[in-house]
Number of protein chains: 2
Amino acid sequence: MLHAIVMAGGSGTRFWPWSRRRRPKQLLPLVGAQPILRATVERILPLVSGDRVWVVTGSETATAVRSLLPEVPAENVLAEPVGRDTAACAGYAAHAVLRLDPRAVCAMLPADHIIGQEERFRTAVAAGAAHVVERGGLLTFGIRPGRPETGYGYLELGSLESTVGDWSIHRLERFVEKPSLEVARRYVEEYDYLWNSGIFVWQAGELLDEVQRQLPALASGLERIAQALGGSDRDAALAEIYPRLPAISVDYGVMEGAANLWSIPVDFPWSDVGSWPALAELLSPDEGGNASRGRTVSVDSAGNLLFSDGPVVAVSGVDDLVIAATPDAVLVIPKEHAQRVKELVAKLEELGLDDVL
Amino acid sequence: MLHAIVMAGGSGTRFWPWSRRRRPKQLLPLVGAQPILRATVERILPLVSGDRVWVVTGSETATAVRSLLPEVPAENVLAEPVGRDTAACAGYAAHAVLRLDPRAVCAMLPADHIIGQEERFRTAVAAGAAHVVERGGLLTFGIRPGRPETGYGYLELGSLESTVGDWSIHRLERFVEKPSLEVARRYVEEYDYLWNSGIFVWQAGELLDEVQRQLPALASGLERIAQALGGSDRDAALAEIYPRLPAISVDYGVMEGAANLWSIPVDFPWSDVGSWPALAELLSPDEGGNASRGRTVSVDSAGNLLFSDGPVVAVSGVDDLVIAATPDAVLVIPKEHAQRVKELVAKLEELGLDDVL
């Protein structure tokens with residue numbers, strides 16, 4: 001059976017001050033009225049019933065996640081004591097799923113992506129699942145690059161192997177590191193290079209076989225956790241073992257070294273909304289030429305993101321800034337350096353301003 | 001006897017969002033912990049006992065002013081139904097004072113100035129009061145220009161007439177309009193040109209004589225109000241007559257045309273804190289080179305005013321901005337255009353965002 005594993009870890013400092021430790025990005029209504037995690041789950045529910053939806057999230061947010069997702073059984077919300085990157089997350093989920101369904105196929109879904117044309121999205125996931133049941137291997141979805149993005153890893157497509165409905169399934173030739181701008185510009189022109197969406201499909205058992213083969217230390221830690229799942233010592237085992245699991249992404253740690261890799265090029269609208277400027281691009285500009293959300297007022301200002309989660313934001317004579325306000329914290333940073341918000345959050349931590357973290 | 005008339009009108013939009021309709025500039029703790037109005041009153045109390053201190057303020061703020069100033073009798077807080085500039089304010093106060101003290105001398109003190117060396121300030125006021133008792137006339141205090149300021153009116157000193165203690169009392173030759181930058185630079189070099197501080201001393205009766213002579217419409221309105229003072233129809237008379245008084249400043253309307261004018265050049269530290277950048281100049285820069293008040297954090301940013309009345313303000317990679325935050329409103333504006341905050345406030349009003357005005 002197909003299971004959806006929603007990866008909802010991540011501290012989400014990139015959306016500070018809107019995002020906080022206890023309100024990470026996936027719990028924010030980034031677009032529309034509901035938290036992006038809820039939108040992610042609703043998107044897959046027509047394909048995967050609630051009892052086969054799993055969410056891996058941090059201990060601090062597990063309670064909030066459970067109340068946000070009444071369709072998902074409470075025990076399907078897997079709390080990580082600490083985040084140990086996506087290989088540990090995927091392996092933990094695979095063990096949990098296999099206890100209930102030894103032939104489980106997993107669609108790994110980041111909780112914090114925006115996806116349009118949802119029915120097409122679901123047919124792509126279903127096509128991928130059907131393919132890995134038949135042919136085995138690990139399957140990725142690749143996004144046609146819409147711009148010469150240097151912040152993403154890319155996938156290089158190999159030969160076309162089959163088609164399922166609308167979708168063509170290719171060998172995945174290799175993972176490509178974040179490119180230079182020049183190379184990224186070339187990739188936009190070529191058919192064979194796609195953004196790595198971070199959405200994957202595989203059989204749970206096969207994923208664990210690859211972990212065993214490539215990351216034996218992770219595999220043995222996960223094995224000890226698996227033995228405790230369902231028992232009274234589960235939480236103690238997680239608390240003891242999980243923090244010491246190797247922290248490595250499933251892309252680098254498992255997929256790059258796997259023998260049997262597939263990719264489906266997809267064309268539905270997709271954004272990982274990875275930063276304040278990415279959110280700005282999802283908003284229609286106001287009459288002043290600013291992307292604006294919440295109560296904002298501008299005079300002689302353009303190209304800004306004016307974001308408010310409460311306070312009135314009023315600006316005059318400033319351009320190309322991110323200005324984001326909540327009742328207890330305000331961020332001002334040039335759009336082109338918006339990734340440096342992490343540095344500010346680190347400084348707030350250093351200064352002990354924990355009430356706004 | 002010497003009375004202190006504290007002029008505490010003014011809507012204070014220049015410090016929005018810190019200042020509001022119900023919390024104008026004079027009620028803010030601009031410097032130090034107490035509201036600037038309270039600091040103004042405490043500064044004069046060693047010279048003028050509380051029962052001879054009067055405050056003219058807006059109806060909306062009269063209650064707050066009374067509770068802020070327990071030393072001042074409640075009936076000495078004169079509420080203007082609407083502000084009608086300083087000639088009306090001075091005339092209204094003169095009538096009120098004369099009812100209790102027919103020989104009253106008034107020191108007119110703006111509620112929202114910062115003044116250092118307070119004992120020297122008081123000796124200057126006392127010297128001015130002694131002079132007008134002896135020689136009559138209207139007396140101003142002039143501030144030695146510390147910079148080529150084009151936003152102030154200037155005083156041109158005339159001949160030295162007398163000295164009282166440390167202070168020299170000159171004829172006031174004329175009032176000078178706000179100068180060009182070139183002219184203002186020259187004034188910094190010359191002895192004879194001083195900033196008009198807006199602090200005045202005169203006998204209440206003589207002020208009203210000048211109003212009668214130069215502004216008869218104002219005089220007759222004030223006369224009708226004076227007849228109602230102390231009676232049960234006082235509030236009705238104020239509500240009816242005050243809004244229709246001519247609105248003109250005491251500088252333009254009365255002093256420029258007065259025959260007998262004096263000025264004392266003073267050298268105590270003075271600031272009218274007329275804008276956000278003026279407040280920035282009163283703050284010591286933090287280690288990042290920003291003037292900062294409240295909880296603020298900066299990275300690679302310099303020359304900013306980072307002001308918070310609650311929220312944490314975090315900035316990265318921005319220079320020479322005013323960033324001012326309260327729990328319900330945030331302002332971002334370049335320092336050099338900070339006077340344009342009035343425009344933003346007007347726009348907020350137009351948009352009906354009254355809760356933050």
# chains A, B, ... in the order shown; residues from 1 in each chain; ligands from 1

call {"tool": "residues_around", "arguments": {"residues": "His113 of chain B", "least_positions_apart": "2", "cutoff": "8 Å", "atoms": "only C-alpha atoms", "output": "short mmCIF file (atom, residue, chain, number, x, y, z; two decimals) with all heavy atoms, in the first residue's frame"}}
result
data_model
loop_
_atom_site.label_atom_id
_atom_site.label_comp_id
_atom_site.auth_asym_id
_atom_site.auth_seq_id
_atom_site.Cartn_x
_atom_site.Cartn_y
_atom_site.Cartn_z
N ILE B 36 8.41 63.64 28.88
CA ILE B 36 9.15 64.89 28.72
C ILE B 36 8.38 66.06 29.35
O ILE B 36 8.97 67.00 29.86
CB ILE B 36 9.47 65.08 27.23
CG1 ILE B 36 10.45 66.21 27.02
CG2 ILE B 36 8.24 65.21 26.39
CD1 ILE B 36 11.05 66.21 25.63
N THR B 40 9.83 68.63 32.09
CA THR B 40 9.72 70.08 31.90
C THR B 40 9.20 70.76 33.16
O THR B 40 9.71 71.80 33.58
CB THR B 40 8.79 70.38 30.70
OG1 THR B 40 9.38 69.82 29.53
CG2 THR B 40 8.58 71.87 30.51
N PRO B 110 7.68 75.42 26.21
CA PRO B 110 7.23 74.26 25.44
C PRO B 110 7.43 72.98 26.26
O PRO B 110 8.46 72.83 26.93
CB PRO B 110 8.13 74.28 24.21
CG PRO B 110 8.59 75.70 24.10
CD PRO B 110 8.72 76.17 25.52
N ALA B 111 6.45 72.11 26.23
CA ALA B 111 6.49 70.90 27.07
C ALA B 111 7.48 69.87 26.56
O ALA B 111 7.81 68.93 27.26
CB ALA B 111 5.10 70.26 27.10
N ILE B 115 16.42 70.04 27.94
CA ILE B 115 17.30 71.12 28.39
C ILE B 115 18.25 70.57 29.45
O ILE B 115 17.82 69.86 30.37
CB ILE B 115 16.47 72.30 28.96
CG1 ILE B 115 15.75 73.00 27.80
CG2 ILE B 115 17.35 73.28 29.74
CD1 ILE B 115 14.80 74.09 28.23
N TRP B 270 20.33 72.38 24.71
CA TRP B 270 18.91 72.49 24.34
C TRP B 270 18.65 71.69 23.08
O TRP B 270 19.44 71.70 22.15
CB TRP B 270 18.58 73.97 24.11
CG TRP B 270 17.20 74.23 23.54
CD1 TRP B 270 16.05 74.45 24.25
CD2 TRP B 270 16.84 74.30 22.15
NE1 TRP B 270 14.99 74.65 23.39
CE2 TRP B 270 15.45 74.56 22.09
CE3 TRP B 270 17.53 74.17 20.96
CZ2 TRP B 270 14.75 74.70 20.89
CZ3 TRP B 270 16.83 74.29 19.75
CH2 TRP B 270 15.46 74.56 19.73
N SER B 271 17.54 70.98 23.06
CA SER B 271 17.07 70.35 21.82
C SER B 271 15.57 70.34 21.82
O SER B 271 14.94 70.07 22.86
CB SER B 271 17.60 68.92 21.70
OG SER B 271 16.92 68.25 20.64
N ASP B 272 14.98 70.65 20.68
CA ASP B 272 13.52 70.56 20.62
C ASP B 272 13.07 69.16 20.17
O ASP B 272 11.88 68.91 20.07
CB ASP B 272 12.91 71.64 19.72
CG ASP B 272 13.22 71.40 18.25
OD1 ASP B 272 14.12 70.59 17.94
OD2 ASP B 272 12.56 72.02 17.40
N VAL B 273 14.05 68.25 19.97
CA VAL B 273 13.75 66.86 19.64
C VAL B 273 12.59 66.80 18.64
O VAL B 273 11.58 66.15 18.88
CB VAL B 273 13.41 66.02 20.89
CG1 VAL B 273 13.90 64.59 20.71
CG2 VAL B 273 13.98 66.59 22.14
#

call {"tool": "interface_residues", "arguments": {"of": "chain A", "to": "chain B", "cutoff": "9 Å", "atoms": "only C-alpha atoms", "output": "VMD selection string"}}
result
chain A and resid 295 297 to 299 310 to 318 321 323 325 to 334 337 to 338 340 to 341 343 to 345 347 to 348 351 353 356

call {"tool": "write_last_selection", "arguments": {"atoms": "N, CA and C atoms", "output": "compact mmCIF listing (two decimals), in the first residue's frame"}}
result
# COMPACT_ATOMS: atom_id res chain seq x y z
N ARG A 295 -1.49 44.35 7.26
CA ARG A 295 -1.79 45.77 7.18
C ARG A 295 -0.50 46.55 6.89
N VAL A 297 1.31 50.04 4.63
CA VAL A 297 1.12 51.30 3.92
C VAL A 297 2.48 51.73 3.38
N SER A 298 2.52 52.17 2.12
CA SER A 298 3.80 52.61 1.59
C SER A 298 3.65 53.90 0.80
N VAL A 299 4.70 54.70 0.83
CA VAL A 299 4.80 55.93 0.06
C VAL A 299 6.17 55.89 -0.62
N GLY A 310 0.27 41.23 12.13
CA GLY A 310 -0.41 41.99 13.16
C GLY A 310 -0.19 43.49 13.06
N PRO A 311 1.03 43.97 13.38
CA PRO A 311 1.25 45.42 13.40
C PRO A 311 1.04 46.07 12.03
N VAL A 312 0.72 47.34 12.02
CA VAL A 312 0.72 48.10 10.78
C VAL A 312 2.17 48.39 10.40
N VAL A 313 2.53 48.06 9.17
CA VAL A 313 3.88 48.36 8.68
C VAL A 313 3.78 49.54 7.72
N ALA A 314 4.46 50.64 8.04
CA ALA A 314 4.39 51.86 7.23
C ALA A 314 5.79 52.23 6.78
N VAL A 315 5.98 52.37 5.46
CA VAL A 315 7.31 52.67 4.95
C VAL A 315 7.24 53.83 3.97
N SER A 316 8.33 54.56 3.89
CA SER A 316 8.42 55.69 2.96
C SER A 316 9.85 55.75 2.44
N GLY A 317 9.99 55.82 1.11
CA GLY A 317 11.31 56.06 0.54
C GLY A 317 12.31 54.93 0.68
N VAL A 318 11.85 53.68 0.75
CA VAL A 318 12.79 52.56 0.81
C VAL A 318 12.46 51.55 -0.29
N LEU A 321 13.60 45.98 0.14
CA LEU A 321 13.83 45.44 1.48
C LEU A 321 12.80 44.36 1.79
N ILE A 323 10.69 43.63 4.98
CA ILE A 323 10.29 44.17 6.27
C ILE A 323 9.19 43.28 6.79
N ALA A 325 7.05 42.00 10.21
CA ALA A 325 6.73 42.39 11.59
C ALA A 325 5.72 41.46 12.22
N THR A 326 5.97 41.12 13.48
CA THR A 326 4.99 40.44 14.32
C THR A 326 4.82 41.34 15.55
N PRO A 327 3.87 41.04 16.44
CA PRO A 327 3.70 41.94 17.58
C PRO A 327 4.94 42.04 18.47
N ASP A 328 5.81 41.05 18.45
CA ASP A 328 6.97 41.13 19.35
C ASP A 328 8.32 41.17 18.65
N ALA A 329 8.36 41.21 17.33
CA ALA A 329 9.67 41.29 16.66
C ALA A 329 9.52 41.80 15.24
N VAL A 330 10.57 42.49 14.81
CA VAL A 330 10.58 43.13 13.49
C VAL A 330 11.92 42.81 12.81
N LEU A 331 11.85 42.45 11.54
CA LEU A 331 13.04 42.21 10.73
C LEU A 331 13.11 43.22 9.60
N VAL A 332 14.29 43.81 9.40
CA VAL A 332 14.53 44.65 8.22
C VAL A 332 15.85 44.19 7.60
N ILE A 333 15.78 43.78 6.34
CA ILE A 333 16.97 43.22 5.67
C ILE A 333 16.79 43.39 4.17
N PRO A 334 17.87 43.71 3.43
CA PRO A 334 17.71 43.80 1.98
C PRO A 334 17.31 42.44 1.40
N HIS A 337 19.98 39.93 0.43
CA HIS A 337 20.74 39.26 1.50
C HIS A 337 19.83 38.56 2.48
N ALA A 338 18.63 38.24 2.05
CA ALA A 338 17.63 37.74 3.00
C ALA A 338 18.05 36.44 3.66
N ARG A 340 20.64 35.96 5.08
CA ARG A 340 21.41 36.28 6.28
C ARG A 340 20.54 36.42 7.53
N VAL A 341 19.25 36.23 7.39
CA VAL A 341 18.40 36.25 8.59
C VAL A 341 18.86 35.19 9.59
N GLU A 343 21.81 34.48 10.41
CA GLU A 343 22.86 35.10 11.21
C GLU A 343 22.26 35.95 12.34
N LEU A 344 21.20 36.67 11.98
CA LEU A 344 20.51 37.49 12.99
C LEU A 344 19.90 36.61 14.07
N VAL A 345 19.29 35.51 13.64
CA VAL A 345 18.67 34.61 14.62
C VAL A 345 19.75 34.04 15.54
N LYS A 347 22.43 35.53 16.36
CA LYS A 347 22.82 36.60 17.28
C LYS A 347 21.78 36.80 18.39
N LEU A 348 20.51 36.69 18.04
CA LEU A 348 19.46 36.78 19.07
C LEU A 348 19.65 35.68 20.11
N LEU A 351 22.49 36.49 22.37
CA LEU A 351 22.15 37.55 23.32
C LEU A 351 21.09 37.10 24.33
N LEU A 353 17.91 36.36 23.79
CA LEU A 353 16.54 36.87 23.56
C LEU A 353 15.62 35.71 23.18
N VAL A 356 11.82 35.52 21.72
CA VAL A 356 11.43 35.76 20.33
C VAL A 356 12.04 34.72 19.39

call {"tool": "closest_residue", "arguments": {"among": "A:Val77, A:Met255, A:Val65, A:Leu138", "to": "Glu206 of chain A", "atoms": "only C-alpha atoms"}}
result
A:Leu138

call {"tool": "closest_residue", "arguments": {"among": "B:Leu283, B:Ala39, B:Ala88, B:Val201", "to": "Ala4 of chain B", "atoms": "only C-alpha atoms"}}
result
B:Val201

call {"tool": "select_by_dssp", "arguments": {"residues": "segment 62-294 of chain B", "states": "strand (DSSP E or B)", "output": "PyMOL selection string"}}
result
chain B and resi 77-80+105-110+114-115+138-143+154-164+167-176+193-203+261-266+270-271+285+291-293

call {"tool": "write_last_selection", "arguments": {"atoms": "C-alpha atoms", "output": "PDB file, in the first residue's frame"}}
result
ATOM      1  CA  VAL B  77      -4.512  72.268  33.491  1.00  0.00           C
ATOM      2  CA  LEU B  78      -6.269  74.227  30.751  1.00  0.00           C
ATOM      3  CA  ALA B  79      -7.853  72.014  28.116  1.00  0.00           C
ATOM      4  CA  GLU B  80      -8.141  73.373  24.601  1.00  0.00           C
ATOM      5  CA  VAL B 105       4.635  87.323  34.864  1.00  0.00           C
ATOM      6  CA  CYS B 106       4.547  84.279  32.573  1.00  0.00           C
ATOM      7  CA  ALA B 107       7.429  82.031  31.502  1.00  0.00           C
ATOM      8  CA  MET B 108       6.140  80.232  28.425  1.00  0.00           C
ATOM      9  CA  LEU B 109       7.718  76.767  28.266  1.00  0.00           C
ATOM     10  CA  PRO B 110       7.227  74.260  25.440  1.00  0.00           C
ATOM     11  CA  ILE B 114      15.233  68.713  26.291  1.00  0.00           C
ATOM     12  CA  ILE B 115      17.302  71.121  28.394  1.00  0.00           C
ATOM     13  CA  LEU B 138       8.286  90.518  25.476  1.00  0.00           C
ATOM     14  CA  LEU B 139      11.442  88.496  26.007  1.00  0.00           C
ATOM     15  CA  THR B 140      12.794  85.479  24.118  1.00  0.00           C
ATOM     16  CA  PHE B 141      15.643  83.098  24.782  1.00  0.00           C
ATOM     17  CA  GLY B 142      18.051  82.517  21.903  1.00  0.00           C
ATOM     18  CA  ILE B 143      20.140  79.397  21.452  1.00  0.00           C
ATOM     19  CA  TYR B 154      16.449  82.733  13.957  1.00  0.00           C
ATOM     20  CA  LEU B 155      16.686  85.824  16.151  1.00  0.00           C
ATOM     21  CA  GLU B 156      18.917  88.751  15.276  1.00  0.00           C
ATOM     22  CA  LEU B 157      20.327  90.323  18.418  1.00  0.00           C
ATOM     23  CA  GLY B 158      20.464  94.108  18.877  1.00  0.00           C
ATOM     24  CA  SER B 159      22.280  96.217  21.416  1.00  0.00           C
ATOM     25  CA  LEU B 160      23.177  94.969  24.888  1.00  0.00           C
ATOM     26  CA  GLU B 161      20.859  96.640  27.382  1.00  0.00           C
ATOM     27  CA  SER B 162      21.752  95.152  30.734  1.00  0.00           C
ATOM     28  CA  THR B 163      23.149  92.149  32.522  1.00  0.00           C
ATOM     29  CA  VAL B 164      21.522  90.108  35.284  1.00  0.00           C
ATOM     30  CA  TRP B 167      23.082  86.767  31.569  1.00  0.00           C
ATOM     31  CA  SER B 168      23.208  89.595  29.088  1.00  0.00           C
ATOM     32  CA  ILE B 169      19.931  91.037  27.907  1.00  0.00           C
ATOM     33  CA  HIS B 170      19.797  92.444  24.395  1.00  0.00           C
ATOM     34  CA  ARG B 171      17.300  94.274  22.309  1.00  0.00           C
ATOM     35  CA  LEU B 172      15.804  91.815  19.834  1.00  0.00           C
ATOM     36  CA  GLU B 173      16.437  93.399  16.434  1.00  0.00           C
ATOM     37  CA  ARG B 174      14.199  91.129  14.386  1.00  0.00           C
ATOM     38  CA  PHE B 175      12.899  87.631  13.757  1.00  0.00           C
ATOM     39  CA  VAL B 176      14.579  85.909  10.791  1.00  0.00           C
ATOM     40  CA  TYR B 193      22.111  85.184  15.111  1.00  0.00           C
ATOM     41  CA  LEU B 194      20.470  82.707  17.435  1.00  0.00           C
ATOM     42  CA  TRP B 195      17.892  79.948  17.169  1.00  0.00           C
ATOM     43  CA  ASN B 196      14.467  80.982  18.382  1.00  0.00           C
ATOM     44  CA  SER B 197      13.973  78.569  21.278  1.00  0.00           C
ATOM     45  CA  GLY B 198      10.244  79.138  21.606  1.00  0.00           C
ATOM     46  CA  ILE B 199      10.740  79.962  25.306  1.00  0.00           C
ATOM     47  CA  PHE B 200       9.357  83.382  26.194  1.00  0.00           C
ATOM     48  CA  VAL B 201       8.811  85.614  29.239  1.00  0.00           C
ATOM     49  CA  TRP B 202       6.306  88.456  29.544  1.00  0.00           C
ATOM     50  CA  GLN B 203       3.797  90.071  31.855  1.00  0.00           C
ATOM     51  CA  LEU B 261      11.377  93.050  22.400  1.00  0.00           C
ATOM     52  CA  TRP B 262      14.252  91.486  24.291  1.00  0.00           C
ATOM     53  CA  SER B 263      16.412  88.462  23.935  1.00  0.00           C
ATOM     54  CA  ILE B 264      18.809  86.596  26.204  1.00  0.00           C
ATOM     55  CA  PRO B 265      21.428  84.450  24.484  1.00  0.00           C
ATOM     56  CA  VAL B 266      21.683  81.228  26.463  1.00  0.00           C
ATOM     57  CA  TRP B 270      18.912  72.485  24.344  1.00  0.00           C
ATOM     58  CA  SER B 271      17.073  70.352  21.824  1.00  0.00           C
ATOM     59  CA  PRO B 285      25.713  55.037  19.331  1.00  0.00           C
ATOM     60  CA  ALA B 291      21.572  54.896  17.800  1.00  0.00           C
ATOM     61  CA  SER B 292      19.537  52.317  19.586  1.00  0.00           C
ATOM     62  CA  ARG B 293      16.810  52.249  22.193  1.00  0.00           C
TER      63      ARG B 293
END

call {"tool": "residues_around", "arguments": {"residues": "segment 55-60 of chain B", "least_positions_apart": "2", "cutoff": "7 Å", "atoms": "only C-alpha atoms", "output": "VMD selection string"}}
result
chain B and resid 5 to 9 22 53 62 76 to 83 89

call {"tool": "atom_distance", "arguments": {"atom1": "atom CA of Val188 of chain B", "atom2": "atom CA of Val250 of chain B"}}
result
25.3 Å

call {"tool": "residues_around", "arguments": {"residues": "Ser11 of chain A", "least_positions_apart": "6", "cutoff": "8 Å", "atoms": "only C-alpha atoms", "output": "compact mmCIF listing (two decimals) with all heavy atoms, in the first residue's frame"}}
result
# COMPACT_ATOMS: atom_id res chain seq x y z
N ARG A 20 9.02 30.58 14.44
CA ARG A 20 9.66 30.47 15.75
C ARG A 20 9.94 29.00 16.02
O ARG A 20 9.45 28.12 15.33
CB ARG A 20 8.72 31.02 16.86
CG ARG A 20 8.30 32.45 16.68
CD ARG A 20 9.47 33.40 16.85
NE ARG A 20 9.11 34.75 16.40
CZ ARG A 20 8.63 35.69 17.19
NH1 ARG A 20 8.43 35.45 18.48
NH2 ARG A 20 8.34 36.88 16.71
N ARG A 21 10.69 28.75 17.10
CA ARG A 21 10.95 27.35 17.47
C ARG A 21 9.66 26.55 17.57
O ARG A 21 9.58 25.42 17.11
CB ARG A 21 11.65 27.30 18.83
CG ARG A 21 13.12 27.63 18.76
CD ARG A 21 13.72 27.61 20.15
NE ARG A 21 15.12 27.98 20.11
CZ ARG A 21 15.79 28.53 21.11
NH1 ARG A 21 15.16 28.76 22.27
NH2 ARG A 21 17.05 28.83 20.99
N PRO A 24 7.35 26.59 13.60
CA PRO A 24 8.24 26.56 12.44
C PRO A 24 7.45 26.76 11.16
O PRO A 24 6.21 26.73 11.15
CB PRO A 24 8.87 25.17 12.51
CG PRO A 24 7.93 24.35 13.30
CD PRO A 24 7.25 25.28 14.26
N LYS A 25 8.18 26.96 10.09
CA LYS A 25 7.60 27.29 8.79
C LYS A 25 6.40 26.41 8.42
O LYS A 25 5.39 26.90 7.93
CB LYS A 25 8.70 27.13 7.74
CG LYS A 25 8.28 27.37 6.30
CD LYS A 25 9.43 27.02 5.36
CE LYS A 25 9.00 26.98 3.92
NZ LYS A 25 9.99 26.31 3.05

call {"tool": "atom_distance", "arguments": {"atom1": "atom CA of Ala87 of chain A", "atom2": "atom CA of Met1 of chain A"}}
result
21.7 Å

call {"tool": "atom_distance", "arguments": {"atom1": "atom CA of Leu357 of chain B", "atom2": "atom CA of Leu305 of chain A"}}
result
23.2 Å

call {"tool": "residues_around", "arguments": {"residues": "Gly253 of chain A", "least_positions_apart": "5", "cutoff": "9 Å", "atoms": "only C-alpha atoms", "output": "PyMOL selection string"}}
result
chain A and resi 87+211+214-215+248

call {"tool": "residues_around", "arguments": {"residues": "Asn290 of chain A", "least_positions_apart": "6", "cutoff": "7 Å", "atoms": "only C-alpha atoms", "output": "list in words"}}
result
Ala302, Gly303, Asn304, Leu305 and Leu306 of chain A

call {"tool": "write_last_selection", "arguments": {"atoms": "N, CA, C and O atoms", "output": "PDB file, in the first residue's frame"}}
result
ATOM      1  N   ALA A 302       9.305  50.850  -3.487  1.00  0.00           N
ATOM      2  CA  ALA A 302       8.986  49.797  -4.452  1.00  0.00           C
ATOM      3  C   ALA A 302       9.906  48.603  -4.273  1.00  0.00           C
ATOM      4  O   ALA A 302      11.017  48.716  -3.751  1.00  0.00           O
ATOM      5  N   GLY A 303       9.407  47.461  -4.698  1.00  0.00           N
ATOM      6  CA  GLY A 303      10.234  46.256  -4.690  1.00  0.00           C
ATOM      7  C   GLY A 303      10.436  45.646  -3.321  1.00  0.00           C
ATOM      8  O   GLY A 303      11.246  44.747  -3.155  1.00  0.00           O
ATOM      9  N   ASN A 304       9.681  46.135  -2.335  1.00  0.00           N
ATOM     10  CA  ASN A 304       9.826  45.588  -0.992  1.00  0.00           C
ATOM     11  C   ASN A 304       8.859  44.434  -0.760  1.00  0.00           C
ATOM     12  O   ASN A 304       7.809  44.346  -1.400  1.00  0.00           O
ATOM     13  N   LEU A 305       9.207  43.565   0.180  1.00  0.00           N
ATOM     14  CA  LEU A 305       8.215  42.683   0.783  1.00  0.00           C
ATOM     15  C   LEU A 305       7.808  43.324   2.099  1.00  0.00           C
ATOM     16  O   LEU A 305       8.640  43.516   2.995  1.00  0.00           O
ATOM     17  N   LEU A 306       6.534  43.691   2.190  1.00  0.00           N
ATOM     18  CA  LEU A 306       5.994  44.273   3.416  1.00  0.00           C
ATOM     19  C   LEU A 306       5.081  43.231   4.022  1.00  0.00           C
ATOM     20  O   LEU A 306       3.996  42.965   3.502  1.00  0.00           O
TER      21      LEU A 306
END

call {"tool": "select_by_dssp", "arguments": {"residues": "segment 39-254 of chain A", "states": "alpha helix (DSSP H)", "output": "PyMOL selection string"}}
result
chain A and resi 39-44+59-68+85-100+118-135+181-189+204-214+216-228+234-241+250
